[in-house]
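Chemist: So that we are looking at the same thing, I have put the structure below in structure tokens.
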Amino acid sequence: MTTGSVLPLLLLGLSGALRAHHEDLTVREACKAGFSEEDYTALISPNVLEGEKLLRVKFSSCLGTKGTQYETNSLDFKVGADGTVFATRELKIPSEQVAFTVTARERQTAEQWDAMVRLLVAQTSSPHSGHKKGKTAALDPSQSPKDTLLPWPQHQSSGGLRRQKRDWVIPPINVPENSRGPFPQQLVRIRSDKDNDIPIRYSITGVGADQPPMEVFSIDSMSGRMYVTRPMDREERASYHVSTYVMTVTANDADDSTTANGMVRYRIVTQTPQSPSQNMFTINSETGDIVTVAAGLDREKVQQYTVIVQATDMEGNLNYGLSNTATAIITVTDVNDNPPEFTTSTFAGEVPENRVETVVANLTVLDRDQPHSPNWNAVYRIISGDPSGHFSVRTDPVTNEGMVTVVKAVDYELNRAFMLTVMVSNQAPLASGIQMSFQSTAGVTISVTDVNEAPYFPSNHKLIRLEEGVPTGTALTTFSAVDPDRFMQQAVRYSKLSDPANWLHINTSNGQITTAAVLDRESLYTKNNVYEATFLAADNGIPPASGTGTLQIYLIDINDNAPQLLPKEAQICERPGLNAINITAADADMDPNIGPYVFELPFIPTTVRKNWTITRLNGDYAQLSLRIMYLEAGVYDVPIIVTDSGNPPLSNTSIIKVKVCPCDENGDCTTIGAVAAAGLGTGAIVAILICIVILLTMVLLFVVWMKRREKERHTKQLLIDPEDDVRDNILKYDEEGGGEEDQDYDLSQLQQPEAMEHVLSKAPGVRRVDERPVGAEPQYPVRPVVPHPGDIGDFINEGLRAADNDPTAPPYDSLLVFDYEGSGSTAGSVSSLNSSSSGDQDYDYLNDWGPRFKKLADMYGGGEED
């Protein structure tokens, strides 16, 4: 196309992609309301910003602009009150056009009018070049046509073949019969995106245009607006068949185009497939324009046609001219001519109460348009049955199903079921003239199931006010819970969760709160005069459910605390006039049960008022001072009566310990005076000093005595020859090996009883009777070698005397040894050991050694001499 295009018209009767929408404009006698007669088409960029203004529709209302309400059937675009069309979100438009309907509705009469808005996006594509062999013309087929109203510029290939992609799709048009006009009535506008750059003229051809019946349709050659000029009669003619322009093929011939050698003519050789007709297309033999000649283009049936076109020079003479062929691929693009339809008229689902974000039903639809395109993508909308917005229907992007989802919790006690009406549409609007199917609406029944809900306290936190100090057993309030399960026969029981001071009691069946102790505002459990307790309400459902509630008790103060005197201790000079004691009172109560206070001295004992006087400074402070000229230094307990301002007032007699002392010129107690004021006389001080001297003397004597003992220990140590030391003999006894006779005695008897506990505690049969103790052996000091005593009695007595003066001496059991063969000593030596007691040592424990010593002597066979 250079300056114009052949734009035939498709009317009623065309199926599939070529149908049209028409507005039936009625004539009003008094006022004509409706959209202005112009085409609402705008060029836009592929990327649209949110809120971007695109165009403006013009609507005339008989009620004025305030009575008009605009709506669209698109979720991406809205219309303002002034008719301005704008985007509701940022968009990236994938196709070459976006079309939607704008509806103007008069609020008072509820009448409505529709206008079609088209937003066009310009795109370009690369041509495919053909080739020429000899003088035979070569053809370049077009690419698949685009579903757009915008023409594509012509391209010249290097081989000389030109082609033109299909410029636009003529919007399908429906014309109602017997329309009353006014005429000419606009049907559609055809527009090129190049009409601002180059002059373009529009024309139509076909039956009803330039073929009988003549001039039924016309087109404005400058604007591209197409009109119907008179009423249509369906009974006279039900449809008009016209051709739609598809593409243009052009072949170049190197011969002189003014001669027959360079005059090329075109013809279609074959068409594949031959459905729904074997002659779906025809070609203008001179211009190469391919147009449709039969109705029935339907993408859902045939998506692509292959057309072989032959170009022949010599004005198409097949006998003399040279020919070449090329293949034109004609793709039928999808338009939204199939509304989505539900697979069934009703759906059902179920949801437990209080559940959210749960899919309760899946709605399946069928759409024959191109899958995963805006013409196929489903958009669901609940149009009735959910006024509170409990549900939404989301689209599964893979299956295109509608997922009914709970977005707001439902309550079984309020709604046991919901009857929803859901409508489905496409992301892209339906093509003009295509109506929604009755199967595009379905009913959805949602049943709500009952679950056991927790009881709740209607007033939580609950606050009550009462005076502190109410007696035990006083009923305070009823803190009861409500069970939302009205259709379940359940009982609610109450219990305490938190009662810090254990002051309250709750009736388990009705929730009545009574006092279990006296409530005290001044308690540590009360914060800002409020005592707080938490209670539990539980039902007996399956499973049981429970809820908590908090009770706050605001305690009103009563005068239940007598004031206390401050400070508790003070000091004052023994002569009046030098200083005084400032006193005040502390009261645990709060206003008005505290100050101003009354301070006074009691009448008994009489010495108080005789020696002291009190002067009131203000409501909270007073001064205590001496009444007499001189008072002896010491500590005095001065009783003072303090009375608060409560109703009734409370009094308390507090004692202040006053230290009276001699003072220096600054009014401070002197050091001697402080001691005297502590209550100690001269005799007491002398006694204390004497006690200190006596204590020091005793310590000195004790040190001298310890030194003397240490000296005696070194001079009177027990000296024994190491070879004759019987202790070593006892320790080596086990090395010689025992015979039958040594099984009859037990040497462990020579050990002290407390040292034998670990041996005696052994199980029978484990310990040998002559087994030496397993305890640690004592360490002995090295003894000088001296002759062995001749008499064992003297030997033992000498050891005892040495042990008396040696605190580090070994145990006596190590000293009680003897010669196994007998030493000839008398038995009296043993008895002297048993009864020996000298000095300040306690040898009572040696009494246990008498029987043991005798037993040992008997085993050795010793007689009296032994």
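Labels for the structure tokens follow display order: chains A, B, ..., residues from 1 in each chain, ligands from 1.
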Give me the residues near range 446-457 of chain A as a list of chain:residue names, where near means some atom within 6 Å (using only C-alpha atoms) and where sequence neighbours in that chain fewer than 5 positions away do not count.

Modeler: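 The contact residues come out as A:Ala348, A:Gly349, A:Glu350, A:Val351, A:Pro352, A:Tyr412, A:Arg416, A:Ala417, A:Phe418, A:Ala481, A:Val482, A:Asp483, A:Ala545, A:Ser546, A:Gly547, A:Gly549.
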
Chemist: With C-alpha atoms kept, could you save the residues just selected as an mmCIF file, in the first residue's frame?

Modeler:
```cif
data_model
loop_
_atom_site.group_PDB
_atom_site.id
_atom_site.type_symbol
_atom_site.label_atom_id
_atom_site.label_comp_id
_atom_site.auth_asym_id
_atom_site.auth_seq_id
_atom_site.Cartn_x
_atom_site.Cartn_y
_atom_site.Cartn_z
ATOM 1 C CA ALA A 348 -19.385 -26.811 46.300
ATOM 2 C CA GLY A 349 -16.822 -26.423 49.051
ATOM 3 C CA GLU A 350 -16.396 -26.654 52.815
ATOM 4 C CA VAL A 351 -14.436 -24.594 55.315
ATOM 5 C CA PRO A 352 -14.013 -24.818 59.112
ATOM 6 C CA TYR A 412 -20.491 -20.865 62.068
ATOM 7 C CA ARG A 416 -23.618 -21.834 58.316
ATOM 8 C CA ALA A 417 -23.337 -21.591 54.526
ATOM 9 C CA PHE A 418 -22.607 -19.103 51.754
ATOM 10 C CA ALA A 481 -16.945 -15.951 80.144
ATOM 11 C CA VAL A 482 -19.060 -16.511 77.048
ATOM 12 C CA ASP A 483 -18.871 -19.713 75.007
ATOM 13 C CA ALA A 545 -10.769 -25.086 74.656
ATOM 14 C CA SER A 546 -9.951 -22.361 77.136
ATOM 15 C CA GLY A 547 -9.581 -18.602 77.340
ATOM 16 C CA GLY A 549 -9.270 -13.041 81.452
#
```

Chemist: Thr84 in chain A: which residues within 8 Å, counting only C-alpha atoms, same-chain residues fewer than 6 positions away excluded, as a list of chain:residue names?

Modeler: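 Counting only C-alpha atoms, the residues come to A:Lys53, A:Leu54, A:Leu55, A:Arg56, A:Val57.
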
Chemist: Store the residues picked out above in a file with C-alpha atoms, as a tab-separated table (two decimals), in the first residue's frame.

Modeler:
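Just written: selection08.tsv:
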```
chain	number	residue	atom	x	y	z
A	53	LYS	CA	-3.53	9.64	31.28
A	54	LEU	CA	-4.19	7.98	27.93
A	55	LEU	CA	-7.21	9.70	26.38
A	56	ARG	CA	-10.57	11.23	27.23
A	57	VAL	CA	-14.03	10.01	26.35
```

Chemist: Rounded to one decimal place, report the CA of Gln271 in chain A-CA of Gln211 in chain A distance in Å.

Modeler: 26.6 Å

Chemist: Can you pull out every residue within 12 Å of range 615-617 of chain A, counting only C-alpha atoms, but drop anything in the same chain fewer than 4 positions away, and send it as a list in words?

Modeler: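 Here the answer would be Ala580, Ile581, Asn582, Ile583, Thr584, Pro596, Tyr597, Val598, Phe599, Glu600, Leu601, Tyr621, Ala622, Gln623, Leu624, Ser625, Leu626, Arg627, Ile640 and Val642 of chain A.
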
Chemist: Please produce a file of the residues just selected, as a PDB file, in the first residue's frame, where the atoms kept are C-alpha atoms.

Modeler:
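selection17.pdb, freshly written:
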```pdb
ATOM      1  CA  ALA A 580      17.237  21.266 118.258  1.00  0.00           C
ATOM      2  CA  ILE A 581      16.078  18.083 116.563  1.00  0.00           C
ATOM      3  CA  ASN A 582      13.867  18.324 113.458  1.00  0.00           C
ATOM      4  CA  ILE A 583      11.316  15.506 113.355  1.00  0.00           C
ATOM      5  CA  THR A 584       8.627  14.452 110.867  1.00  0.00           C
ATOM      6  CA  PRO A 596      -0.728  17.494 108.384  1.00  0.00           C
ATOM      7  CA  TYR A 597       0.443  15.725 111.519  1.00  0.00           C
ATOM      8  CA  VAL A 598       0.078  16.625 115.166  1.00  0.00           C
ATOM      9  CA  PHE A 599       3.206  16.115 117.337  1.00  0.00           C
ATOM     10  CA  GLU A 600       2.902  16.116 121.140  1.00  0.00           C
ATOM     11  CA  LEU A 601       4.648  14.790 124.243  1.00  0.00           C
ATOM     12  CA  TYR A 621       7.597  19.000 110.687  1.00  0.00           C
ATOM     13  CA  ALA A 622       8.280  19.839 114.344  1.00  0.00           C
ATOM     14  CA  GLN A 623      11.324  20.473 116.565  1.00  0.00           C
ATOM     15  CA  LEU A 624      12.330  18.637 119.747  1.00  0.00           C
ATOM     16  CA  SER A 625      14.545  20.542 122.189  1.00  0.00           C
ATOM     17  CA  LEU A 626      15.538  20.612 125.902  1.00  0.00           C
ATOM     18  CA  ARG A 627      13.264  22.429 128.315  1.00  0.00           C
ATOM     19  CA  ILE A 640       6.342  11.383 121.004  1.00  0.00           C
ATOM     20  CA  VAL A 642       2.100  11.482 116.221  1.00  0.00           C
TER      21      VAL A 642
END
```

Chemist: Enter the distance from CA of Leu119 in chain A to CA of Thr244 in chain A, in Å, rounded to one decimal.

Modeler: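 Straight-line distance from CA of Leu119 in chain A to CA of Thr244 in chain A works out to 22.2 Å.
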
Chemist: Find the residues around Val98 in chain A up to 9 Å (only C-alpha atoms counted), leave out those fewer than 6 positions away in its own chain, and share them as number ranges by chain.

Modeler: A: 117-121, 428-429

Chemist: As a list in words, please: the residues near Val228 in chain A (cut-off 9 Å, only C-alpha atoms, same-chain neighbours under 5 positions excluded).

Modeler: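 With the cut-off at 9 Å, the set is Val175, Phe183, Pro184, Gln185, Gln186, Leu187, Glu215, Val216, Phe217, Ser218 and Ile219 of chain A.
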
Chemist: Would you put the residues from that selection into a file with N, CA and C atoms, as a compact mmCIF listing (two decimals), in the first residue's frame?

Modeler:
```
# COMPACT_ATOMS: atom_id res chain seq x y z
N VAL A 175 -24.43 -5.31 13.13
CA VAL A 175 -25.35 -4.19 12.89
C VAL A 175 -26.76 -4.66 13.21
N PHE A 183 -28.55 8.53 10.85
CA PHE A 183 -27.65 8.05 9.82
C PHE A 183 -26.96 9.23 9.16
N PRO A 184 -25.79 9.07 8.64
CA PRO A 184 -24.97 7.84 8.72
C PRO A 184 -24.52 7.56 10.15
N GLN A 185 -24.52 6.28 10.49
CA GLN A 185 -24.18 5.83 11.85
C GLN A 185 -22.80 5.19 11.83
N GLN A 186 -21.89 5.69 12.70
CA GLN A 186 -20.50 5.20 12.70
C GLN A 186 -20.45 3.78 13.24
N LEU A 187 -19.68 2.97 12.53
CA LEU A 187 -19.48 1.59 12.95
C LEU A 187 -18.11 1.37 13.58
N GLU A 215 -23.65 1.53 -1.92
CA GLU A 215 -23.57 2.61 -0.95
C GLU A 215 -24.33 2.33 0.35
N VAL A 216 -24.38 1.07 0.73
CA VAL A 216 -24.91 0.76 2.08
C VAL A 216 -23.88 1.16 3.13
N PHE A 217 -22.60 1.02 2.80
CA PHE A 217 -21.52 1.37 3.71
C PHE A 217 -20.62 2.39 3.04
N SER A 218 -20.05 3.26 3.86
CA SER A 218 -19.14 4.27 3.35
C SER A 218 -18.00 4.46 4.34
N ILE A 219 -16.94 5.12 3.89
CA ILE A 219 -15.78 5.35 4.75
C ILE A 219 -15.25 6.74 4.48
```

Chemist: From the DSSP assignment of the backbone, select every residue of range 364-528 of chain A that is strand (DSSP E), and format the answer as a PyMOL selection string.

Modeler: chain A and resi 365-366+378-384+391-395+402-406+417-426+441-449+462-467+475-478+492-498+504-506+512-515

Chemist: If we count only C-alpha atoms, what is near Cys663 in chain A at a cut-off of 6 Å, once residues fewer than 6 positions away on the same chain are taken out, given as an mmCIF file with C-alpha atoms, in the first residue's frame?

Modeler:
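The resulting file, around28.cif, is shown below:
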```cif
data_model
loop_
_atom_site.group_PDB
_atom_site.id
_atom_site.type_symbol
_atom_site.label_atom_id
_atom_site.label_comp_id
_atom_site.auth_asym_id
_atom_site.auth_seq_id
_atom_site.Cartn_x
_atom_site.Cartn_y
_atom_site.Cartn_z
ATOM 1 C CA CYS A 573 23.768 19.235 123.337
ATOM 2 C CA CYS A 669 29.549 16.641 120.537
ATOM 3 C CA THR A 670 33.110 16.420 121.857
#
```

Chemist: I'd like the interatomic distance between CA of Glu574 in chain A and CA of Val660 in chain A, to a tenth of an Å.

Modeler: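 CA of Glu574 in chain A sits 5.3 Å away from CA of Val660 in chain A.
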
Chemist: Just want the 8 Å neighbourhood of range 531-544 of chain A, counted on only C-alpha atoms, with same-chain residues fewer than 3 positions away dropped. Output as a list in words.

Modeler: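 The contact residues come out as Asn452, Ala454, Pro455, Tyr456, Ala481, Asp483, Gln490, Ala491, Val492, Arg493, Tyr494, Ser495, Lys496, Leu497, Ser498, Asp499, Pro500, Tyr525, Thr526, Lys527, Gly547, Thr548, Gly549, Thr550, Leu551, Gln552, Ile553, Tyr554 and Leu555 of chain A.
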
Chemist: Which of these, A:Arg713, A:Arg89, A:Arg381, A:Arg609, has the shortest distance to Ser440 in chain A once you count only C-alpha atoms?

Modeler: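 Smallest distance to Ser440 in chain A is found for A:Arg381.
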
Chemist: Hey, which of A:Thr343, A:Asn354, A:Asn510, A:Asn426 ends up closest to Asp369 in chain A? Count only C-alpha atoms.

Modeler: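 Nearest candidate to Asp369 in chain A out of A:Thr343, A:Asn354, A:Asn510, A:Asn426: A:Asn426.
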